[in-house]
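*Asks:* Next comes the structure file target33.csv, holding CSV, C-alpha atoms.
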chain,number,residue,atom,x,y,z
A,99,MET,CA,157.4,114.4,70.4
A,100,ALA,CA,153.7,114.3,69.6
A,101,GLY,CA,153.1,110.6,70.4
A,102,GLY,CA,155.2,110.6,73.6
A,103,ARG,CA,152.3,110.3,76.3
A,104,SER,CA,151.4,106.8,77.5
A,105,GLY,CA,148.1,105.6,79.1
A,106,THR,CA,149.6,105.5,82.6
A,107,PRO,CA,149.0,108.6,84.7
A,108,ALA,CA,152.0,110.7,85.5
A,109,GLY,CA,153.1,111.2,89.2
A,110,ALA,CA,151.2,114.5,89.5
A,111,GLN,CA,148.0,112.8,88.4
A,112,TRP,CA,148.5,110.0,90.9
A,113,GLY,CA,148.9,112.7,93.6
A,114,ALA,CA,145.7,114.4,92.6
A,115,VAL,CA,143.8,111.2,92.8
A,116,ALA,CA,145.2,110.3,96.2
A,117,LEU,CA,144.3,113.8,97.5
A,118,VAL,CA,140.7,113.4,96.2
A,119,VAL,CA,140.4,110.0,98.0
A,120,VAL,CA,141.8,111.4,101.3
A,121,LEU,CA,139.4,114.4,101.1
A,122,ALA,CA,136.5,112.1,100.5
A,123,ILE,CA,137.5,110.0,103.5
A,124,VAL,CA,137.8,113.1,105.7
A,125,VAL,CA,134.5,114.5,104.6
A,126,GLY,CA,132.8,111.2,105.2
A,127,ALA,CA,134.3,111.0,108.7
A,128,VAL,CA,133.2,114.5,109.6
A,129,ALA,CA,129.7,113.8,108.3
A,130,TYR,CA,129.5,110.6,110.3
A,131,ILE,CA,130.6,112.4,113.5
A,132,ALA,CA,128.1,115.2,113.0
A,133,TYR,CA,125.3,112.7,112.4
A,134,ASP,CA,126.4,110.6,115.4
A,135,ARG,CA,126.3,113.6,117.6
A,136,ALA,CA,122.9,114.7,116.4
A,137,ASN,CA,121.5,111.1,116.5
A,138,PRO,CA,123.1,109.1,119.3
A,139,ASP,CA,122.7,105.3,119.1
A,140,GLY,CA,119.5,104.3,120.9
A,141,GLY,CA,120.1,100.6,120.6
A,142,ALA,CA,123.0,100.1,123.0
A,143,GLN,CA,122.0,102.8,125.5
A,144,SER,CA,118.7,104.4,126.5
A,145,ALA,CA,118.1,107.8,125.0
A,146,ALA,CA,118.6,110.7,127.4
A,147,PRO,CA,115.4,112.0,128.9
A,148,VAL,CA,113.8,115.0,127.5
A,149,PRO,CA,114.4,118.0,129.9
A,150,THR,CA,111.3,119.0,131.9
A,151,PHE,CA,110.3,122.3,133.4
A,152,SER,CA,108.0,122.9,136.3
A,153,LEU,CA,105.2,125.4,135.5
A,154,GLY,CA,103.1,124.6,138.5
A,155,VAL,CA,101.2,121.7,136.8
A,156,GLU,CA,102.2,118.1,137.5
A,157,SER,CA,102.3,115.8,134.5
A,158,ALA,CA,102.2,112.7,136.6
A,159,SER,CA,100.4,111.7,139.8
A,160,PRO,CA,102.5,113.3,142.5
A,161,THR,CA,103.2,111.7,145.9
A,162,PRO,CA,101.0,113.4,148.4
A,163,THR,CA,102.7,115.5,151.0
A,164,GLU,CA,102.4,114.7,154.6
A,165,THR,CA,100.0,117.6,155.2
A,166,SER,CA,97.7,118.5,152.4
A,167,PRO,CA,95.7,121.7,152.9
A,168,ASP,CA,93.1,120.4,150.4
A,169,VAL,CA,92.6,117.3,152.6
A,170,ALA,CA,92.9,119.0,156.0
A,171,VAL,CA,90.9,122.2,155.4
A,172,ALA,CA,88.5,121.6,152.5
A,173,ALA,CA,86.0,119.7,154.7
A,174,ARG,CA,85.4,123.0,156.6
A,175,GLU,CA,85.0,125.1,153.5
A,176,ASP,CA,81.2,125.4,154.2
A,177,ASP,CA,81.6,126.1,157.9
A,178,ARG,CA,80.1,129.3,159.1
A,179,PHE,CA,80.0,131.6,162.1
A,180,LEU,CA,77.3,133.8,163.7
A,181,SER,CA,77.9,136.1,166.7
A,182,ILE,CA,75.5,138.7,168.1
A,183,GLY,CA,76.5,141.8,170.0
A,184,SER,CA,74.3,144.3,171.7
A,185,GLY,CA,74.7,146.8,168.8
A,186,ALA,CA,75.5,144.6,165.8
A,187,TRP,CA,75.2,141.1,164.4
A,188,TRP,CA,78.2,139.4,162.7
A,189,ARG,CA,78.4,136.4,160.5
A,190,SER,CA,80.9,134.8,158.2
A,191,THR,CA,81.6,131.8,156.0
A,192,ALA,CA,84.8,130.0,156.7
A,193,GLY,CA,86.4,130.0,153.3
A,194,ILE,CA,89.4,127.9,152.6
A,195,CYS,CA,93.1,128.6,152.1
A,196,GLY,CA,93.9,128.4,148.4
A,197,GLY,CA,90.2,128.3,147.4
A,198,ASP,CA,87.0,130.3,148.0
A,199,GLU,CA,87.5,133.3,150.1
A,200,PRO,CA,85.4,133.9,153.2
A,201,LEU,CA,82.6,136.4,153.4
A,202,VAL,CA,82.3,138.5,156.5
A,203,GLU,CA,79.2,140.5,157.1
A,204,ARG,CA,77.7,142.9,159.7
A,205,SER,CA,74.0,143.7,160.3
A,206,ASP,CA,72.8,146.8,162.2
A,207,ASP,CA,69.1,145.7,162.0
A,208,GLY,CA,69.0,142.3,163.6
A,209,GLY,CA,69.8,140.3,160.5
A,210,GLN,CA,67.4,142.0,158.1
A,211,SER,CA,70.2,143.3,155.9
A,212,TRP,CA,73.9,142.8,155.8
A,213,THR,CA,77.0,144.7,154.8
A,214,ASP,CA,80.2,143.1,153.4
A,215,VAL,CA,83.1,143.8,155.7
A,216,THR,CA,85.4,141.0,154.7
A,217,GLY,CA,88.7,142.9,154.8
A,218,ARG,CA,90.1,141.7,151.5
A,219,TYR,CA,92.8,144.4,151.5
A,220,ARG,CA,94.6,142.4,154.2
A,221,ASP,CA,94.7,139.3,152.0
A,222,ILE,CA,92.2,137.2,154.1
A,223,THR,CA,91.9,133.6,153.0
A,224,ALA,CA,89.9,131.9,155.8
A,225,VAL,CA,88.1,132.5,159.0
A,226,ALA,CA,88.6,130.3,162.1
A,227,ALA,CA,86.7,132.2,164.7
A,228,LEU,CA,84.4,135.3,164.9
A,229,ASP,CA,83.1,137.0,168.0
A,230,ALA,CA,81.3,140.2,168.7
A,231,PHE,CA,82.6,142.5,171.4
A,232,ALA,CA,82.2,146.1,172.7
A,233,GLU,CA,78.6,146.5,171.4
A,234,THR,CA,79.3,147.3,167.8
A,235,GLU,CA,82.7,145.7,167.2
A,236,ALA,CA,84.1,142.3,166.4
A,237,GLU,CA,87.3,140.2,166.5
A,238,MET,CA,88.3,137.2,164.3
A,239,VAL,CA,90.9,134.5,164.0
A,240,VAL,CA,91.8,134.5,160.3
A,241,ALA,CA,94.3,132.9,157.9
A,242,VAL,CA,96.1,135.3,155.5
A,243,GLY,CA,98.2,135.1,152.4
A,244,GLU,CA,99.4,132.1,150.4
A,245,GLY,CA,101.1,130.7,153.5
A,246,CYS,CA,97.8,130.6,155.3
A,247,GLU,CA,99.3,132.4,158.3
A,248,THR,CA,97.1,132.6,161.4
A,249,GLN,CA,96.4,136.1,162.8
A,250,GLY,CA,94.1,137.7,165.3
A,251,TRP,CA,92.1,140.7,164.0
A,252,ARG,CA,89.9,143.4,165.6
A,253,THR,CA,87.9,146.2,164.2
A,254,PHE,CA,87.0,149.4,166.0
A,255,THR,CA,85.2,150.8,162.9
A,256,GLN,CA,82.3,148.4,162.6
A,257,GLY,CA,84.2,146.3,160.1
A,258,ALA,CA,85.4,149.2,157.8
A,259,PHE,CA,89.0,148.4,158.8
A,260,TRP,CA,90.6,145.4,160.5
A,261,GLU,CA,93.9,145.5,162.4
A,262,PRO,CA,96.1,142.6,163.6
A,263,TYR,CA,96.0,142.2,167.4
A,264,ASP,CA,97.7,138.9,168.0
A,265,ASP,CA,98.6,139.7,171.5
A,266,LEU,CA,95.0,140.4,172.5
A,267,VAL,CA,93.1,138.1,170.2
A,268,LEU,CA,95.2,135.1,169.0
A,269,SER,CA,96.8,134.5,172.4
A,270,ALA,CA,93.4,134.0,174.1
A,271,ALA,CA,91.4,132.4,171.3
A,272,ARG,CA,90.0,128.9,171.0
A,273,TYR,CA,89.7,127.7,167.4
A,274,ILE,CA,90.2,124.9,165.0
A,275,SER,CA,93.5,125.2,163.2
A,276,PRO,CA,93.1,126.5,159.6
A,277,ALA,CA,96.0,124.2,158.7
A,278,ASP,CA,94.6,121.0,160.2
A,279,ALA,CA,90.9,120.4,161.0
A,280,GLY,CA,91.9,117.7,163.4
A,281,VAL,CA,93.6,120.1,165.8
A,282,VAL,CA,92.1,122.6,168.3
A,283,GLU,CA,94.2,125.5,169.3
A,284,LEU,CA,93.9,126.6,172.9
A,285,PRO,CA,95.8,129.3,174.9
A,286,SER,CA,97.4,126.3,176.8
A,287,GLY,CA,98.5,124.7,173.5
A,288,ALA,CA,97.2,122.5,170.7
A,289,ILE,CA,95.1,119.4,171.4
A,290,ASP,CA,93.5,116.8,169.2
A,291,ALA,CA,89.9,117.3,168.1
A,292,PRO,CA,87.5,114.3,168.5
A,293,CYS,CA,87.8,113.6,164.7
A,294,ALA,CA,89.9,114.7,161.8
A,295,ASP,CA,87.2,116.9,160.4
A,296,ALA,CA,86.1,119.2,163.3
A,297,ARG,CA,84.0,122.3,162.6
A,298,GLY,CA,81.8,124.9,164.2
A,299,LEU,CA,83.8,125.4,167.4
A,300,ARG,CA,82.3,127.9,169.8
A,301,ALA,CA,83.8,128.9,173.1
A,302,ALA,CA,82.8,131.2,176.0
A,303,GLY,CA,84.2,131.3,179.5
A,304,ASP,CA,85.3,127.8,180.4
A,305,VAL,CA,83.1,126.1,177.8
A,306,VAL,CA,84.4,124.8,174.5
A,307,ALA,CA,82.1,122.9,172.1
A,308,LEU,CA,82.3,121.8,168.5
A,309,VAL,CA,80.9,119.4,165.9
A,310,CYS,CA,82.6,116.2,164.7
A,311,ASP,CA,81.0,113.6,162.4
A,312,ALA,CA,77.5,115.1,162.9
A,313,GLN,CA,77.9,114.8,166.7
A,314,ALA,CA,78.3,117.5,169.3
A,315,TRP,CA,81.2,117.5,171.7
A,316,VAL,CA,82.2,119.5,174.8
A,317,LEU,CA,85.7,119.8,176.2
A,318,ASP,CA,86.1,118.3,179.7
A,319,PRO,CA,87.4,120.5,182.5
A,320,ASP,CA,90.8,118.8,182.2
A,321,GLY,CA,91.2,120.6,178.9
A,322,VAL,CA,92.3,117.5,177.0
A,323,THR,CA,89.5,115.0,176.6
A,324,TRP,CA,86.1,115.4,174.9
A,325,ALA,CA,82.6,114.3,176.0
A,326,THR,CA,79.7,113.6,173.7
A,327,LEU,CA,76.5,115.6,173.8
A,328,GLU,CA,74.0,113.0,172.5
A,329,THR,CA,71.8,114.4,169.7
A,330,ASP,CA,70.9,113.2,166.2
A,331,GLY,CA,72.5,114.9,163.2
A,332,ALA,CA,74.3,117.7,165.0
A,333,ALA,CA,74.9,120.6,162.6
A,334,ALA,CA,76.1,123.4,164.9
A,335,VAL,CA,76.6,124.4,168.5
A,336,ALA,CA,76.4,127.6,170.6
A,337,VAL,CA,77.5,128.5,174.1
A,338,ASP,CA,75.1,130.4,176.4
A,339,GLY,CA,76.7,131.1,179.7
A,340,ALA,CA,77.6,127.6,181.0
A,341,ASP,CA,75.1,125.9,178.7
A,342,VAL,CA,75.6,124.4,175.3
A,343,ILE,CA,72.9,124.5,172.6
A,344,VAL,CA,73.0,122.0,169.8
A,345,ALA,CA,71.3,122.3,166.4
A,346,GLY,CA,70.2,118.9,165.1
A,347,VAL,CA,67.2,116.8,164.1
A,348,ALA,CA,64.3,115.4,166.1
A,349,ALA,CA,61.2,113.3,165.2
A,350,ASP,CA,58.8,116.1,166.1
A,351,CYS,CA,60.6,118.9,164.1
A,352,ALA,CA,60.5,119.2,160.3
A,353,GLY,CA,63.6,121.4,160.2
A,354,ILE,CA,66.3,122.1,162.8
A,355,ALA,CA,65.7,121.1,166.4
A,356,LEU,CA,67.5,122.8,169.3
A,357,THR,CA,68.7,121.0,172.4
A,358,ARG,CA,70.0,122.7,175.4
A,359,PHE,CA,72.5,121.0,177.7
A,360,ALA,CA,72.4,122.7,181.1
A,361,GLY,CA,75.9,123.3,182.5
A,362,ALA,CA,77.3,121.6,179.3
A,363,ASP,CA,76.4,118.4,181.1
A,364,PRO,CA,75.7,115.4,178.7
A,365,ALA,CA,73.2,114.1,181.2
A,366,GLN,CA,71.0,117.2,181.2
A,367,PRO,CA,69.5,117.7,177.7
A,368,ALA,CA,66.2,119.6,177.1
A,369,ALA,CA,64.3,120.5,174.0
A,370,ALA,CA,64.9,124.2,173.2
A,371,GLY,CA,62.7,124.9,170.1
A,372,CYS,CA,62.3,124.0,166.5
A,373,ALA,CA,63.0,126.0,163.2
A,374,ASP,CA,60.7,124.1,160.9
A,375,GLU,CA,61.7,126.0,157.8
A,376,ALA,CA,65.5,125.6,158.3
A,377,ASP,CA,67.3,122.9,156.3
A,378,VAL,CA,69.5,120.8,158.7
A,379,THR,CA,71.5,119.5,155.7
A,380,ALA,CA,72.6,123.1,154.8
A,381,PRO,CA,75.7,124.8,156.3
A,382,THR,CA,74.4,126.0,159.7
A,383,ALA,CA,75.4,128.4,162.5
A,384,ILE,CA,73.5,129.3,165.7
A,385,ALA,CA,73.9,132.1,168.2
A,386,VAL,CA,72.1,133.3,171.3
A,387,THR,CA,70.3,136.6,171.1
A,388,GLY,CA,68.3,138.6,173.7
A,389,GLU,CA,65.1,137.0,172.3
A,390,GLY,CA,66.2,133.4,171.9
A,391,THR,CA,68.5,131.5,169.5
A,392,ALA,CA,69.2,132.7,166.0
A,393,VAL,CA,69.5,129.9,163.4
A,394,TRP,CA,71.4,130.6,160.1
A,395,ALA,CA,70.9,127.6,157.8
A,396,GLY,CA,71.6,127.9,154.1
A,397,LYS,CA,69.9,131.1,153.0
A,398,THR,CA,67.4,131.3,155.9
A,399,LEU,CA,67.9,133.2,159.2
A,400,THR,CA,65.3,132.9,161.9
A,401,THR,CA,65.1,133.3,165.7
A,402,ILE,CA,63.7,130.7,168.0
A,403,SER,CA,62.4,132.2,171.2
A,404,GLY,CA,63.1,130.6,174.5
Starting from the coordinates I provided, produce the structure as structure tokens.

*Replies:*
Amino acid sequence: MAGGRSGTPAGAQWGAVALVVVLAIVVGAVAYIAYDRANPDGGAQSAAPVPTFSLGVESASPTPTETSPDVAVAAREDDRFLSIGSGAWWRSTAGICGGDEPLVERSDDGGQSWTDVTGRYRDITAVAALDAFAETEAEMVVAVGEGCETQGWRTFTQGAFWEPYDDLVLSAARYISPADAGVVELPSGAIDAPCADARGLRAAGDVVALVCDAQAWVLDPDGVTWATLETDGAAAVAVDGADVIVAGVAADCAGIALTRFAGADPAQPAAAGCADEADVTAPTAIAVTGEGTAVWAGKTLTTISG
């Protein structure tokens, strides 16, 4: 009858209420789990590190490697070479692996003008030695590619093209290692240079000389130890037969003073001329010509007779 309903919900109503409560609990639990996964608790545990990706740039100060090309080779970046043949003059900057490339040039008019013959198509990155041969040709010890691989090159086209000749050039060369400026490579094997920053090595016959810490040095006949050639502010050396010529400073010379050590003997120095206009603080190379000694310092190139 019309007034038969009471204020107490029927069984079906209680079931509906219970279902709503259960659904609310389930939805809440799911929401909590989703939130927990998206926002892990940072109080009890450290947050996981953000993933990093290497793009070739270090975000923190890296631990130096045992051999760093920047440390070992950069000090020789301004080193230079000058070699004079009967039919052509050759010169080069050293360059540096991973940095400035070398510049190799040839002159057919005694140094009045120069032609770029660097050989970039072979991926040259540094020069460790340069020598004229066969009147108009030259050979070099070079570093190539990203790995700074050492190779011996020769040209038979006046520098238009260079070809690897490791068996003829590299096996007989004397040079400072492009990978470590404290190591001198000889046909008999590697030896230590007198310092960690050697440069300007020149060799001819049995004579090997170089510059270390503004001092000239010559290799003893034993092929292992070095003797000092006493000069002030040595900037470069050249080998003339059995003699060593050193470019340095002297009280009576406003520019670069030359000293000749007869027989590469430290006890036999003799003044060999002065290039007054040459800057001894600039990168320097010297070489013997038929008329004297050519001095290439900074942007100047002059020949000192005698």

*Asks:* Using all atoms listed in the file, pick whichever of A:Gly298, A:Gly404, A:Pro364, A:Gly196 has the shortest atom-to-atom distance to Asp177 in chain A.

*Replies:*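 Closest to Asp177 in chain A of all the choices is A:Gly298.
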
*Asks:* Any idea what's packed within 9 Å of range 267-283 of chain A, counting all atoms listed in the file, ignoring anything in its chain fewer than 3 positions away? Could you give it as number ranges by chain?

*Replies:* A: 165-167, 169-174, 194-195, 224-227, 237-241, 246-252, 262-264, 286-301, 306

*Asks:* Identify, on the basis of only C-alpha atoms, every residue whose closest approach to Ala360 in chain A does not exceed 9 Å; exclude the query and any residue fewer than 2 positions from it along the same chain; express the result as a ChimeraX atom specification.

*Replies:* /A:340-343,358,362-368

*Asks:* Which of these, A:Val322, A:Ala373, A:Ala192, A:Val309, has the shortest distance to Val344 in chain A once you count all atoms listed in the file?

*Replies:*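 Once distances to Val344 in chain A are computed over all atoms listed in the file, the minimum belongs to A:Val309.
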
*Asks:* So the first atom is CA of Leu317 in chain A and the second is CA of Phe231 in chain A; what is the distance between them in Å, to one decimal place?

*Replies:*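 Computing it gives 23.4 Å between the two atoms.
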
*Asks:* Looking at all atoms listed in the file, which of A:Asp338, A:Ala395, A:Ile222, A:Thr216 is the one that sits closest to Ala355 in chain A?

*Replies:*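 Among the listed residues, A:Ala395 lies closest to Ala355 in chain A.
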
*Asks:* What is the distance between CA of Thr191 in chain A and CA of Glu175 in chain A, in Å to one decimal?

*Replies:*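 Rounded to one decimal, the two atoms are 7.9 Å apart.
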
*Asks:* Just the number, please: distance in Å from CA of Thr223 in chain A to CA of Thr401 in chain A, one decimal.

*Replies:* 29.7 Å

*Asks:* For each of A:Glu203, A:Ile182, A:Ile354, A:Gly243, take the minimum atom-to-atom distance to Gly390 in chain A, counting all atoms listed in the file, then give the residue where this is smallest.

*Replies:*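 Closest residue, counting all atoms listed in the file: A:Ile182.
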
*Asks:* Which residue out of A:Ile402, A:Ala352, A:Val337, A:Ala332 has the minimum interatomic distance to Ser181 in chain A when only C-alpha atoms are used?

*Replies:*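 The shortest atom-to-atom distance to Ser181 in chain A comes from A:Val337.
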
*Asks:* From the options A:Ala186, A:Ala258, A:Val316, A:Ala385, which residue's atoms come nearest to Thr234 in chain A, counting all atoms listed in the file?

*Replies:*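 Between A:Ala186, A:Ala258, A:Val316, A:Ala385, the residue approaching Thr234 in chain A most closely is A:Ala186.
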
*Asks:* Generate a file for range 244-312 of chain A, containing C-alpha atoms, as a PDB file, in the first residue's frame.

*Replies:*
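Wrote it out as selection34.pdb, contents follow:
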ATOM      1  CA  GLU A 244      92.797  12.350 -36.143  1.00  0.00           C
ATOM      2  CA  GLY A 245      95.074   9.661 -34.726  1.00  0.00           C
ATOM      3  CA  CYS A 246      98.180  11.739 -35.478  1.00  0.00           C
ATOM      4  CA  GLU A 247      99.778   8.778 -37.258  1.00  0.00           C
ATOM      5  CA  THR A 248     103.439   9.330 -38.179  1.00  0.00           C
ATOM      6  CA  GLN A 249     104.386   8.884 -41.825  1.00  0.00           C
ATOM      7  CA  GLY A 250     107.358   9.604 -44.077  1.00  0.00           C
ATOM      8  CA  TRP A 251     106.520  11.548 -47.257  1.00  0.00           C
ATOM      9  CA  ARG A 252     108.444  12.397 -50.417  1.00  0.00           C
ATOM     10  CA  THR A 253     107.632  14.542 -53.402  1.00  0.00           C
ATOM     11  CA  PHE A 254     109.021  14.081 -56.903  1.00  0.00           C
ATOM     12  CA  THR A 255     106.830  16.869 -58.331  1.00  0.00           C
ATOM     13  CA  GLN A 256     108.252  19.888 -56.471  1.00  0.00           C
ATOM     14  CA  GLY A 257     105.553  19.573 -53.829  1.00  0.00           C
ATOM     15  CA  ALA A 258     102.536  19.289 -56.143  1.00  0.00           C
ATOM     16  CA  PHE A 259     101.975  15.749 -54.849  1.00  0.00           C
ATOM     17  CA  TRP A 260     103.288  13.893 -51.798  1.00  0.00           C
ATOM     18  CA  GLU A 261     103.485  10.126 -51.418  1.00  0.00           C
ATOM     19  CA  PRO A 262     104.141   7.971 -48.328  1.00  0.00           C
ATOM     20  CA  TYR A 263     107.620   6.414 -48.325  1.00  0.00           C
ATOM     21  CA  ASP A 264     107.914   5.006 -44.818  1.00  0.00           C
ATOM     22  CA  ASP A 265     110.525   2.461 -45.840  1.00  0.00           C
ATOM     23  CA  LEU A 266     112.835   5.153 -47.251  1.00  0.00           C
ATOM     24  CA  VAL A 267     112.022   8.198 -45.124  1.00  0.00           C
ATOM     25  CA  LEU A 268     110.606   7.190 -41.759  1.00  0.00           C
ATOM     26  CA  SER A 269     112.974   4.291 -41.158  1.00  0.00           C
ATOM     27  CA  ALA A 270     116.033   6.557 -41.507  1.00  0.00           C
ATOM     28  CA  ALA A 271     114.691   9.797 -40.022  1.00  0.00           C
ATOM     29  CA  ARG A 272     115.703  11.577 -36.815  1.00  0.00           C
ATOM     30  CA  TYR A 273     112.899  13.686 -35.363  1.00  0.00           C
ATOM     31  CA  ILE A 274     111.008  14.724 -32.241  1.00  0.00           C
ATOM     32  CA  SER A 275     107.934  12.559 -31.766  1.00  0.00           C
ATOM     33  CA  PRO A 276     104.711  14.368 -32.768  1.00  0.00           C
ATOM     34  CA  ALA A 277     103.009  12.563 -29.871  1.00  0.00           C
ATOM     35  CA  ASP A 278     105.544  13.455 -27.154  1.00  0.00           C
ATOM     36  CA  ALA A 279     107.914  16.435 -27.318  1.00  0.00           C
ATOM     37  CA  GLY A 280     110.159  14.774 -24.734  1.00  0.00           C
ATOM     38  CA  VAL A 281     111.024  11.863 -27.040  1.00  0.00           C
ATOM     39  CA  VAL A 282     113.464  11.787 -29.951  1.00  0.00           C
ATOM     40  CA  GLU A 283     112.937   9.090 -32.555  1.00  0.00           C
ATOM     41  CA  LEU A 284     116.116   7.602 -34.069  1.00  0.00           C
ATOM     42  CA  PRO A 285     116.590   4.692 -36.495  1.00  0.00           C
ATOM     43  CA  SER A 286     118.010   2.767 -33.524  1.00  0.00           C
ATOM     44  CA  GLY A 287     114.955   3.498 -31.394  1.00  0.00           C
ATOM     45  CA  ALA A 288     113.434   6.215 -29.206  1.00  0.00           C
ATOM     46  CA  ILE A 289     115.507   8.087 -26.620  1.00  0.00           C
ATOM     47  CA  ASP A 290     114.690  10.835 -24.127  1.00  0.00           C
ATOM     48  CA  ALA A 291     115.224  14.437 -25.174  1.00  0.00           C
ATOM     49  CA  PRO A 292     117.108  16.704 -22.744  1.00  0.00           C
ATOM     50  CA  CYS A 293     113.768  18.211 -21.672  1.00  0.00           C
ATOM     51  CA  ALA A 294     110.042  17.590 -22.006  1.00  0.00           C
ATOM     52  CA  ASP A 295     109.623  20.393 -24.553  1.00  0.00           C
ATOM     53  CA  ALA A 296     112.226  19.735 -27.261  1.00  0.00           C
ATOM     54  CA  ARG A 297     112.001  21.510 -30.605  1.00  0.00           C
ATOM     55  CA  GLY A 298     113.947  22.422 -33.732  1.00  0.00           C
ATOM     56  CA  LEU A 299     115.771  19.115 -34.176  1.00  0.00           C
ATOM     57  CA  ARG A 300     118.201  19.059 -37.110  1.00  0.00           C
ATOM     58  CA  ALA A 301     120.285  16.096 -38.208  1.00  0.00           C
ATOM     59  CA  ALA A 302     122.840  15.388 -40.910  1.00  0.00           C
ATOM     60  CA  GLY A 303     125.328  12.558 -41.086  1.00  0.00           C
ATOM     61  CA  ASP A 304     126.214  11.561 -37.544  1.00  0.00           C
ATOM     62  CA  VAL A 305     125.233  14.938 -36.028  1.00  0.00           C
ATOM     63  CA  VAL A 306     121.911  15.443 -34.232  1.00  0.00           C
ATOM     64  CA  ALA A 307     121.154  18.770 -32.516  1.00  0.00           C
ATOM     65  CA  LEU A 308     118.081  20.401 -31.016  1.00  0.00           C
ATOM     66  CA  VAL A 309     116.823  23.137 -28.689  1.00  0.00           C
ATOM     67  CA  CYS A 310     115.537  22.563 -25.166  1.00  0.00           C
ATOM     68  CA  ASP A 311     114.625  25.304 -22.693  1.00  0.00           C
ATOM     69  CA  ALA A 312     116.395  27.993 -24.792  1.00  0.00           C
TER      70      ALA A 312
END
